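Peer 1: Structure below; questions to follow.
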Amino acid sequence: MAKILISGGEPLHGEVAISGAKNAVLPILAACLLADGPVTISNVPHLHDVTTFIELLGRMGVQLVLDDRMKMHVDPRTIESHVAPYDLVRTMRASILVLGPLVARFGEAEVSLPGGCAIGSRPVDQHIRGLQALGAEVSVENGYIKARARRLKGARIAMDMVTVTGTENILMAATLAEGTTVIENAAQEPEVVDLAQCLVAMGAQVEGIGTSTLVVHGVERLHGAEYEVLPDRIETGTFLVGAAMTGGKVRARGARASTLDAVLAKLEEAGAHLSTGPDWIELDMGGRRPKAVNIVTAPYPAFPTDMQAQFTALNCVAEGVGVITETVFENRFMHAHELQRLGADIRLEGNTAIIQGVQRMSGAPIMATDLRASACLVLAGLVAQGDTTVDRVYHIDRGYENIEEKLGVLGAKIRRLPS
Ligand SMILES: CC(=O)N[C@H]1[C@@H](OP(=O)(O)OP(=O)(O)OC[C@H]2O[C@@H](n3ccc(=O)[nH]c3=O)[C@H](O)[C@@H]2O)O[C@H](CO)[C@@H](O)[C@@H]1O
Ligand SMILES: C=C(OP(=O)(O)O)C(=O)O
């Protein structure tokens, strides 16, 4: 298994280009199943999850071509299978996003249950309940969700909790339903907004985009379109935290500050000087040590759970005590044990981590357990004295494009060790 080796101690300095958002491009690729013509997607990030999604759509018969300008041309007209098999779904939860589009457009879908993963049990009951409310017959047999419907019918659906992919699945399904669907307690994440805007570009009628109530007036058909994926706010936040932890100065180019309010507020609280423009964010730490910050994760617009691990790493070397409370996933502190191996002072109490910042951490071999945990460990390696090797970095390739190259350009001493 490939590892990443980091020799800590170099402040990050310079400019880094932000890629398209993983959590936006995946639902947008799923939305292509709804169209009756080709869709062209630009700003597609080169990520392992994107490759897996392309393989999934390809197995269904969808034609996908990446041109020399990094635009993805998706032609769903050749689809011949409505099955998402276990071997692909198990490697990527987002595969569940084909469920709504398949049943809405083709009247049937068979999608493997994604199952639990490292950060929590992650059930899909809300996806199933929402489709049933739209009139689909849904059963779970032999590990597969099987859904059927002649044509979905609009309904009022109140989600029991805010779920990002749950909202996305129901939103996509509702675009081709007969009549109007109201989704209450909908997720407001920027990636949900991006998907909704892409659906509108394909001819969908959606009101309330960006609010907790989405109103979808079903249409007979969706057509092909061109759409540019929004920049990745979590990748952006990760580089900014890296700059803050190392006392450096980094400009994230192609970033959208409006999607990062809660994260930028915490970076300012940590002592960073921030400036923003229409498509960039610059963080200047001026060589200072960050101050510890308290964080409570929650659905957007509150602080994102996908940035929790990175701020846990920041608190490890900050001045003072930081308390981090994780309210979205029940098992998202596995990085804490690995950070302790570097000398971090962390006490876990249920869903809370109490972190006493230390003057310095020291390099050690550590192991990534999930995507954002691996990013957090790489950040910790940037400030730990000596060499840190992060094992199981396949997790990081799911969601970060060329992370070691991008950090290398910013001055980090980092390289990938082949397996
Ligand atoms: C591909 C993608 O976009 N992934 C993101 C998405 O994951 P994902 O969409 O899977 O996460 P959800 O928003 O659905 O999960 C939020 C909470 O709701 C629970 N839940 C969810 C659905 C359901 O049917 N039943 C249920 O109980 C989950 O277990 C969790 O505790 O949002 C998460 C929360 O912002 C992010 O961390 C992930 O990066
Ligand atoms: C948890 C994440 O992704 P996924 O939902 O695909 O597992 C993430 O992006 O941090």
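Here's how to read the names in the structure tokens: chain A, B, ... by the order shown, residue numbers from 1 in each chain, ligand numbers from 1 in the order shown.
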Based on DSSP run over this structure's backbone, return all residues of region 89-235 of chain A in strand (DSSP E), as a PyMOL selection string.

Peer 2: chain A and resi 108-112+137-141+144-148+156-158+180-184+205-207+213-217+226-228

Peer 1: Using only C-alpha atoms and all ligand atoms, find each protein or nucleic acid residue lying at most 7 Å from ligand 1; present the set as a VMD selection string.

Peer 2: chain A and resid 23 26 93 to 94 120 to 127 161 to 166 299 304 to 306 328 to 330

Peer 1: Nearest residue to ligand 2 out of A:His13, A:Arg233, A:Arg148, A:Arg341, using only C-alpha atoms and all ligand atoms?

Peer 2: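 Nearest to ligand 2: A:Arg233.
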
Peer 1: Contacts of Ala255 (chain A) at 9 Å or less, counting only C-alpha atoms, minus same-chain residues fewer than 6 places along, as an MDAnalysis selection string?

Peer 2: chainID A and resid 17:19 230:233 236 277:281

Peer 1: Using only C-alpha atoms and all ligand atoms for the distances, tell me which of A:Ala174, A:Leu199, A:Met307, A:Ala313 is nearest to ligand 2.

Peer 2: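 Of the candidates, the smallest distance to ligand 2 is held by A:Met307.
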